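Listing of start_23.cif; format and content: mmCIF, C-alpha atoms.
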```
data_data
loop_
_atom_site.label_atom_id
_atom_site.label_comp_id
_atom_site.auth_asym_id
_atom_site.auth_seq_id
_atom_site.Cartn_x
_atom_site.Cartn_y
_atom_site.Cartn_z
CA MET A 1 155.95 133.48 112.88
CA SER A 2 152.24 134.23 112.49
CA THR A 3 150.47 133.61 109.22
CA LYS A 4 147.87 135.92 107.76
CA PRO A 5 144.34 134.48 107.74
CA ALA A 6 143.02 133.44 104.35
CA VAL A 7 140.97 136.11 102.63
CA GLN A 8 137.36 135.03 102.18
CA LYS A 9 136.34 134.84 98.55
CA LYS A 10 133.30 136.84 97.44
CA VAL A 11 130.79 135.04 95.25
CA LEU A 12 127.90 136.87 93.58
CA VAL A 13 124.72 134.79 93.08
CA VAL A 14 122.05 136.12 90.70
CA PRO A 15 118.72 134.34 90.09
CA LEU A 16 116.51 134.95 87.08
CA ASP A 17 113.31 136.83 87.90
CA TRP A 18 110.89 134.52 86.00
CA GLY A 19 108.89 133.07 88.88
CA LEU A 20 110.37 132.25 92.28
CA GLY A 21 111.86 128.89 91.32
CA HIS A 22 115.26 130.23 90.36
CA ALA A 23 115.62 132.00 93.70
CA THR A 24 114.48 129.01 95.76
CA ARG A 25 116.73 126.52 93.99
CA ASP A 26 119.70 128.81 94.63
CA ILE A 27 119.16 128.52 98.40
CA PRO A 28 121.07 125.21 98.78
CA LEU A 29 123.89 126.58 96.61
CA ILE A 30 124.17 129.68 98.77
CA ARG A 31 124.19 127.56 101.93
CA GLU A 32 126.98 125.40 100.55
CA LEU A 33 129.04 128.44 99.52
CA LEU A 34 128.66 129.84 103.05
CA ASN A 35 129.64 126.45 104.51
CA ALA A 36 132.76 126.56 102.33
CA GLY A 37 133.75 129.89 103.90
CA CYS A 38 132.76 132.19 101.05
CA VAL A 39 131.19 135.62 101.43
CA VAL A 40 128.00 135.55 99.34
CA LEU A 41 126.36 138.58 97.76
CA ILE A 42 123.00 138.31 96.00
CA ALA A 43 121.67 140.50 93.20
CA ALA A 44 117.87 140.63 93.04
CA GLU A 45 114.81 142.83 93.44
CA GLY A 46 111.17 142.49 94.49
CA LYS A 47 109.83 139.08 95.52
CA HIS A 48 113.14 137.37 94.86
CA ALA A 49 115.04 139.74 97.13
CA ALA A 50 112.32 139.38 99.80
CA LEU A 51 112.47 135.57 99.69
CA LEU A 52 116.25 135.37 99.86
CA SER A 53 116.56 138.00 102.59
CA ARG A 54 114.16 135.93 104.71
CA GLU A 55 116.27 132.82 104.21
CA PHE A 56 119.57 134.66 104.76
CA PRO A 57 119.03 137.59 107.15
CA GLY A 58 121.88 140.07 107.04
CA ILE A 59 123.26 138.93 103.68
CA THR A 60 124.10 141.72 101.24
CA ILE A 61 121.53 142.02 98.45
CA LEU A 62 122.45 144.32 95.58
CA PRO A 63 119.59 145.79 93.52
CA LEU A 64 119.59 144.52 89.94
CA PRO A 65 116.52 144.84 87.70
CA GLY A 66 115.20 141.59 86.26
CA TYR A 67 114.10 140.93 82.69
CA GLN A 68 110.59 142.00 83.77
CA ILE A 69 108.82 139.79 81.26
CA THR A 70 105.04 140.18 81.05
CA TYR A 71 102.78 137.26 80.25
CA SER A 72 99.67 136.75 78.16
CA LYS A 73 96.33 136.44 79.92
CA LYS A 74 95.49 133.60 77.55
CA GLY A 75 97.77 130.58 77.53
CA LEU A 76 97.34 130.27 73.75
CA PHE A 77 99.40 133.44 73.21
CA PHE A 78 101.99 132.81 75.95
CA GLY A 79 104.86 131.88 73.63
CA LEU A 80 104.10 134.60 71.09
CA LYS A 81 104.15 137.32 73.74
CA ILE A 82 107.52 136.07 75.06
CA ILE A 83 109.02 136.18 71.57
CA ARG A 84 107.79 139.76 71.08
CA GLN A 85 109.77 140.75 74.17
CA VAL A 86 113.12 139.42 72.91
CA PRO A 87 114.40 142.99 72.23
CA LYS A 88 113.68 143.86 75.87
CA ILE A 89 115.58 140.77 77.03
CA TRP A 90 118.54 141.65 74.79
CA LYS A 91 118.60 145.19 76.22
CA ALA A 92 118.56 143.76 79.77
CA ILE A 93 121.50 141.47 78.92
CA ARG A 94 123.53 144.46 77.73
CA PHE A 95 122.68 146.29 80.95
CA GLU A 96 123.79 143.25 82.99
CA GLN A 97 127.17 143.29 81.29
CA ALA A 98 127.85 146.93 82.18
CA TRP A 99 126.45 146.45 85.69
CA LEU A 100 128.65 143.41 86.35
CA ARG A 101 131.89 145.12 85.26
CA LYS A 102 131.16 147.95 87.66
CA THR A 103 130.05 145.64 90.50
CA VAL A 104 133.08 143.36 90.27
CA GLN A 105 135.33 146.39 90.62
CA GLU A 106 133.37 148.07 93.42
CA HIS A 107 132.80 144.99 95.59
CA GLY A 108 135.85 142.90 94.76
CA ILE A 109 133.81 139.96 93.41
CA ASP A 110 135.87 136.78 92.91
CA ALA A 111 133.26 134.66 91.09
CA VAL A 112 129.70 134.78 89.74
CA ILE A 113 126.95 132.17 89.72
CA SER A 114 124.22 133.23 87.30
CA ASP A 115 120.98 131.26 87.42
CA ASN A 116 119.80 131.57 83.82
CA ARG A 117 120.73 135.25 83.39
CA PHE A 118 122.64 135.52 80.15
CA GLY A 119 124.76 138.66 80.60
CA LEU A 120 126.63 137.90 83.84
CA TYR A 121 129.95 136.65 82.47
CA HIS A 122 133.29 138.41 83.05
CA PRO A 123 136.67 137.83 81.37
CA ASP A 124 138.73 138.05 84.56
CA ILE A 125 136.86 135.82 87.05
CA PRO A 126 135.14 132.38 87.04
CA CYS A 127 131.49 132.65 86.06
CA VAL A 128 128.97 129.79 86.21
CA PHE A 129 125.71 129.58 84.26
CA ILE A 130 122.93 127.43 85.78
CA SER A 131 120.13 126.06 83.60
CA HIS A 132 117.98 122.98 83.14
CA GLN A 133 116.87 124.27 79.73
CA LEU A 134 119.67 123.56 77.30
CA LEU A 135 116.88 122.89 74.83
CA ILE A 136 114.27 125.64 75.14
CA LYS A 137 110.77 124.40 74.37
CA THR A 138 108.40 126.66 72.42
CA PRO A 139 104.83 126.27 71.16
CA PHE A 140 106.26 126.29 67.62
CA GLY A 141 108.79 123.44 68.00
CA GLY A 142 111.22 122.39 65.26
CA ILE A 143 113.34 125.11 63.71
CA THR A 144 112.40 127.68 66.39
CA GLU A 145 113.80 125.46 69.12
CA ARG A 146 116.99 124.78 67.14
CA ILE A 147 117.57 128.51 66.61
CA LEU A 148 116.99 129.24 70.30
CA GLN A 149 119.35 126.42 71.26
CA ARG A 150 122.14 127.92 69.14
CA ILE A 151 121.60 131.32 70.76
CA ASN A 152 121.44 129.68 74.19
CA TYR A 153 124.75 127.84 73.65
CA ARG A 154 126.42 130.99 72.32
CA TYR A 155 125.83 132.65 75.69
CA ILE A 156 126.55 129.53 77.76
CA ASN A 157 129.95 129.15 76.08
CA LYS A 158 130.92 132.61 77.35
CA TYR A 159 130.82 131.20 80.91
CA SER A 160 133.50 129.17 82.67
CA ALA A 161 131.05 126.38 83.44
CA CYS A 162 127.43 125.32 82.90
CA TRP A 163 125.81 123.59 85.87
CA VAL A 164 122.66 121.58 85.10
CA PRO A 165 120.37 120.75 88.05
CA ASP A 166 119.47 117.22 87.03
CA PHE A 167 120.95 113.74 86.82
CA PRO A 168 122.96 112.45 83.86
CA GLY A 169 121.63 109.47 81.94
CA GLU A 170 118.13 108.23 81.19
CA HIS A 171 116.80 108.28 84.77
CA ASN A 172 116.27 112.03 85.06
CA LEU A 173 113.70 114.75 85.71
CA SER A 174 114.04 117.13 82.78
CA GLY A 175 113.91 114.78 79.80
CA ALA A 176 114.99 116.41 76.53
CA LEU A 177 115.33 119.86 78.13
CA ALA A 178 118.66 119.10 79.81
CA HIS A 179 119.61 116.02 77.77
CA PRO A 180 119.75 117.15 74.13
CA GLY A 181 121.86 115.36 71.55
CA GLN A 182 124.79 117.72 72.02
CA LEU A 183 125.83 119.37 75.29
CA PRO A 184 127.91 122.51 75.80
CA GLU A 185 131.51 121.44 76.47
CA ASN A 186 131.56 123.06 79.91
CA THR A 187 128.53 121.14 81.25
CA THR A 188 128.39 119.48 84.69
CA TYR A 189 125.25 117.81 86.08
CA LEU A 190 124.54 118.85 89.68
CA GLY A 191 121.97 116.18 90.46
CA CYS A 192 118.80 117.23 92.25
CA LEU A 193 119.03 120.79 93.61
CA SER A 194 116.56 121.12 96.48
CA ARG A 195 116.62 123.13 99.69
CA PHE A 196 114.54 120.43 101.43
CA GLU A 197 115.50 117.35 103.43
CA PRO A 198 113.39 114.27 104.26
CA LEU A 199 112.14 114.47 107.85
CA PRO A 200 111.67 111.36 110.00
CA ASP A 201 108.42 110.52 111.79
CA VAL A 202 106.23 113.32 110.41
CA SER A 203 102.54 112.65 111.00
CA ARG A 204 100.01 113.50 108.31
CA LYS A 205 98.35 116.87 108.87
CA TYR A 206 96.85 117.71 105.45
CA ASP A 207 95.03 115.78 102.76
CA VAL A 208 96.16 118.38 100.23
CA LEU A 209 98.93 120.96 100.11
CA ALA A 210 98.25 123.45 97.30
CA LEU A 211 101.31 125.40 96.17
CA ILE A 212 100.33 128.45 94.11
CA SER A 213 103.07 129.93 91.96
CA GLY A 214 103.97 131.34 88.58
CA PRO A 215 103.41 134.58 86.68
CA GLU A 216 100.28 136.66 86.85
CA PRO A 217 97.50 136.49 85.85
CA GLN A 218 97.73 132.70 85.84
CA ARG A 219 98.91 132.55 89.47
CA THR A 220 95.68 134.20 90.63
CA ARG A 221 93.54 132.08 88.31
CA LEU A 222 94.96 128.88 89.78
CA GLU A 223 94.41 130.22 93.30
CA VAL A 224 90.74 130.92 92.55
CA ILE A 225 90.23 127.47 90.98
CA LEU A 226 91.78 125.58 93.89
CA LYS A 227 90.04 127.59 96.62
CA GLU A 228 86.63 127.10 95.01
CA GLN A 229 87.13 123.39 94.41
CA LEU A 230 88.62 122.68 97.85
CA ARG A 231 85.52 124.22 99.47
CA GLN A 232 83.34 121.75 97.56
CA ILE A 233 84.94 118.69 99.20
CA PRO A 234 83.42 118.06 102.66
CA GLY A 235 85.83 117.35 105.48
CA ILE A 236 89.02 117.92 103.50
CA LYS A 237 92.06 119.20 105.37
CA ALA A 238 94.13 121.49 103.19
CA LEU A 239 96.80 124.17 103.29
CA ILE A 240 97.11 126.72 100.48
CA VAL A 241 100.46 128.52 100.08
CA SER A 242 99.87 131.59 97.91
CA GLY A 243 103.44 132.14 96.67
CA LYS A 244 103.70 135.76 97.85
CA PRO A 245 106.98 136.06 99.83
CA ASP A 246 106.69 139.85 99.98
CA GLN A 247 103.51 139.52 102.06
CA SER A 248 102.74 138.06 105.47
CA SER A 249 99.22 136.78 106.01
CA ALA A 250 97.45 133.68 107.30
CA GLU A 251 93.76 132.85 107.51
CA ASP A 252 91.25 130.03 107.61
CA THR A 253 89.31 130.36 104.36
CA ALA A 254 86.84 127.55 105.16
CA PRO A 255 86.48 124.77 107.74
CA GLY A 256 89.62 122.64 107.51
CA ILE A 257 91.20 124.90 104.85
CA SER A 258 94.00 127.30 105.82
CA GLN A 259 95.84 129.76 103.59
CA VAL A 260 99.19 131.51 104.08
CA SER A 261 100.93 133.97 101.80
CA HIS A 262 104.34 132.32 102.16
CA LEU A 263 106.30 129.74 104.14
CA ASN A 264 110.03 129.79 104.74
CA ALA A 265 112.06 126.77 103.64
CA ALA A 266 111.89 124.92 106.97
CA ASP A 267 108.12 125.37 107.37
CA LEU A 268 107.36 124.45 103.75
CA ASN A 269 109.62 121.39 104.07
CA ALA A 270 107.57 120.26 107.08
CA ALA A 271 104.23 121.05 105.38
CA MET A 272 105.14 118.99 102.33
CA GLN A 273 106.16 116.06 104.50
CA ALA A 274 102.89 116.31 106.43
CA SER A 275 100.71 116.27 103.29
CA ASP A 276 99.21 113.25 101.60
CA MET A 277 99.06 114.95 98.18
CA VAL A 278 100.73 118.05 96.74
CA ILE A 279 99.05 120.10 94.01
CA SER A 280 101.32 122.52 92.17
CA ARG A 281 102.53 123.94 88.89
CA SER A 282 105.09 121.84 87.06
CA GLY A 283 107.82 124.40 87.68
CA TYR A 284 111.17 122.68 87.65
CA THR A 285 112.27 123.68 91.15
CA THR A 286 109.05 122.32 92.63
CA LEU A 287 109.61 119.06 90.75
CA MET A 288 113.08 118.73 92.27
CA ASP A 289 111.64 119.34 95.75
CA LEU A 290 108.96 116.68 95.18
CA ALA A 291 111.55 114.19 93.93
CA LYS A 292 113.85 114.86 96.86
CA LEU A 293 111.07 114.26 99.39
CA GLY A 294 109.47 111.37 97.48
CA LYS A 295 106.04 113.08 97.44
CA LYS A 296 103.01 112.24 95.32
CA ALA A 297 101.77 115.20 93.32
CA ILE A 298 99.16 116.40 90.86
CA LEU A 299 100.67 118.94 88.46
CA ILE A 300 98.81 121.77 86.70
CA PRO A 301 101.18 123.30 84.11
CA THR A 302 100.95 127.04 83.56
CA PRO A 303 98.76 127.36 80.41
CA GLY A 304 100.79 128.05 77.29
CA GLN A 305 104.16 127.66 79.04
CA SER A 306 105.79 125.05 76.82
CA GLU A 307 108.44 124.00 79.33
CA GLN A 308 105.91 123.22 82.06
CA GLU A 309 103.55 121.48 79.65
CA TYR A 310 106.39 119.31 78.38
CA LEU A 311 107.58 118.45 81.90
CA GLY A 312 104.07 117.56 83.05
CA LYS A 313 103.48 115.26 80.09
CA HIS A 314 106.98 113.71 80.29
CA LEU A 315 106.85 112.99 84.03
CA MET A 316 103.34 111.54 83.85
CA GLN A 317 104.46 109.20 81.08
CA GLU A 318 107.36 108.15 83.31
CA GLY A 319 104.91 107.50 86.16
CA TYR A 320 106.33 110.02 88.63
CA PHE A 321 103.42 112.48 88.84
CA ILE A 322 99.91 113.13 87.50
CA SER A 323 99.58 116.11 85.16
CA ILE A 324 96.26 117.74 84.20
CA PRO A 325 95.74 120.89 82.05
CA GLN A 326 94.27 123.81 83.96
CA HIS A 327 91.20 124.12 81.72
CA ARG A 328 90.26 120.49 82.45
CA PHE A 329 91.20 120.40 86.12
CA GLN A 330 88.62 119.04 88.55
CA LEU A 331 90.04 118.45 92.01
CA GLN A 332 87.59 115.79 93.16
CA LYS A 333 88.17 113.68 90.03
CA ALA A 334 91.93 114.23 90.21
CA LEU A 335 92.09 112.96 93.79
CA GLU A 336 90.02 109.90 92.86
CA PHE A 337 92.31 109.19 89.91
CA ALA A 338 95.35 109.53 92.18
CA LYS A 339 94.10 106.66 94.35
CA THR A 340 94.71 104.19 91.50
CA PHE A 341 97.61 105.91 89.70
CA PRO A 342 100.78 103.76 90.04
CA PHE A 343 103.06 106.51 91.38
CA ARG A 344 106.72 105.68 90.84
CA SER A 345 109.32 106.86 93.37
CA PHE A 346 112.22 108.76 91.88
CA GLY A 347 114.70 107.14 94.25
CA ARG A 348 118.42 107.91 93.89
CA PRO A 349 118.87 109.13 97.49
CA GLU A 350 122.64 108.77 97.07
CA ASP A 351 122.60 111.47 94.35
CA MET A 352 120.35 114.02 96.05
CA ASN A 353 123.31 115.89 97.55
CA ALA A 354 125.73 115.52 94.65
CA TYR A 355 125.79 119.28 94.17
CA LYS A 356 127.56 119.84 97.50
CA SER A 357 130.91 118.43 96.39
CA ILE A 358 130.72 120.37 93.10
CA VAL A 359 130.05 123.66 94.89
CA ARG A 360 132.78 122.99 97.45
CA LYS A 361 135.37 122.22 94.76
CA PHE A 362 134.35 125.42 92.99
CA ALA A 363 134.82 127.44 96.20
CA GLU A 364 138.20 125.83 96.87
CA SER A 365 139.38 126.69 93.35
CA LEU A 366 138.88 130.44 93.82
#
```

Final structure tokens representation of the file:
Amino acid sequence: MSTKPAVQKKVLVVPLDWGLGHATRDIPLIRELLNAGCVVLIAAEGKHAALLSREFPGITILPLPGYQITYSKKGLFFGLKIIRQVPKIWKAIRFEQAWLRKTVQEHGIDAVISDNRFGLYHPDIPCVFISHQLLIKTPFGGITERILQRINYRYINKYSACWVPDFPGEHNLSGALAHPGQLPENTTYLGCLSRFEPLPDVSRKYDVLALISGPEPQRTRLEVILKEQLRQIPGIKALIVSGKPDQSSAEDTAPGISQVSHLNAADLNAAMQASDMVISRSGYTTLMDLAKLGKKAILIPTPGQSEQEYLGKHLMQEGYFISIPQHRFQLQKALEFAKTFPFRSFGRPEDMNAYKSIVRKFAESL
């Protein structure tokens, strides 16, 4: 007697639209879901949809508007402008709820993985919330952060599970952000969540790999700073990655200095391995990639973005990376300082793929 083949479970993955980090860190999760035999659908628009469609050609991408947060031109007012947009975020969360009910019914979704989008929980199917910010840093600290944490937990507790991309215990990447005094009851630490893998026998090709990322106008400001200062160093070999996945361009901007709009995961993995020093924002996904590959890096936090400023300061104190504010950044001096900085390797190679078993168990439970 023949048996009917098992029906493939459909999992919807939705990254937050604040920078590209949420989309890129979801790549290894999507790969593992596919390896487990799931059908994956993605909900995204713009750069995030472009990036994920390049990594997964042919995968179904449903259009879903992001929170569409705008940022202050001056870092000093970054936090204040975000707070003023809370009503817009709340409206987007309500829209997500209605959109998800309709989408689950239309597409037969069996589970949802929401990367830091608050309104994608459903009473009838398992829904996972991913975040490394259980404690949300603000420029105002204290009571503001406690209020935001309560609101954060209120939404997290509506989900079946909370997956935190970091390690448990004191030896971790996120510090207080993902290790507050009290955790949501449904919390599981994923370990490092990176799409990259260490490559053997890669010869050095670049002195500096500059990864440009983050919201405008600060993304462009960092690009201008690094291009100007790289040109002032004779004989340097550098690659600039502009962080524009919706474009396709490559050029030599000066002798020894190349610039590309975007690299896919495999090419960026190789470029990082072939670089002596990485210069980047202190976005959390980039930090996980650097830790996974054991790379030295100079971090330039996005001005006014409390999370990145905290991570830069915390990880420099721990000896993992150098962190320099954008307004004080001088490339030549930073590279000289890096020669004597006692970089500490993150280690823990045995935990770098811990997320795979968690994702597989989740898929098998559907």

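Computed from the coordinates, the CA of Phe95 in chain A to CA of His132 in chain A distance equals 23.9 Å.
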
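Atom pair CA of Glu364 in chain A / CA of Pro165 in chain A: separated by 20.5 Å.
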
Item checked: Residues near Ser114 in chain A, cut-off 8 Å, all atoms listed in the file, skip fewer than 5 positions along chain, as JSON, numbers by chain -> {"A": [13, 14, 15, 16, 120, 127, 128, 129, 130]}

Check: Need the neighbours of (91.9, 130.9, 97.2): which residues are at most 8 Å away, counting only C-alpha atoms, as number ranges by chain?
Finding: A: 223-228, 240, 253, 259

Item checked: Chain and number of each residue from the PyMOL selection byres ((chain A and resi 160) around 9), as a list of chain:residue names -> A:Tyr121, A:Ile125, A:Pro126, A:Cys127, A:Val128, A:Phe129, A:Ile156, A:Asn157, A:Lys158, A:Tyr159, A:Ala161, A:Cys162, A:Asn186

Next item on the list: Expand the PyMOL selection byres ((chain A and resi 36) around 9) into the individual residues it matches in the shown file, reporting them as a PyMOL selection string.
Entry: chain A and resi 31-35+37-38+359-360+363-364

Can you pull out the residues contacting range 352-358 of chain A? Cut-off 7 Å, using only C-alpha atoms, and skip same-chain residues under 3 positions away; I want them as an mmCIF file with C-alpha atoms, in the coordinates of the input.
```cif
data_model
loop_
_atom_site.group_PDB
_atom_site.id
_atom_site.type_symbol
_atom_site.label_atom_id
_atom_site.label_comp_id
_atom_site.auth_asym_id
_atom_site.auth_seq_id
_atom_site.Cartn_x
_atom_site.Cartn_y
_atom_site.Cartn_z
ATOM 1 C CA GLU A 32 126.980 125.400 100.550
ATOM 2 C CA LEU A 190 124.540 118.850 89.680
ATOM 3 C CA GLY A 191 121.970 116.180 90.460
ATOM 4 C CA CYS A 192 118.800 117.230 92.250
ATOM 5 C CA LEU A 193 119.030 120.790 93.610
ATOM 6 C CA LYS A 292 113.850 114.860 96.860
ATOM 7 C CA ARG A 348 118.420 107.910 93.890
ATOM 8 C CA PRO A 349 118.870 109.130 97.490
ATOM 9 C CA LYS A 361 135.370 122.220 94.760
ATOM 10 C CA PHE A 362 134.350 125.420 92.990
#
```
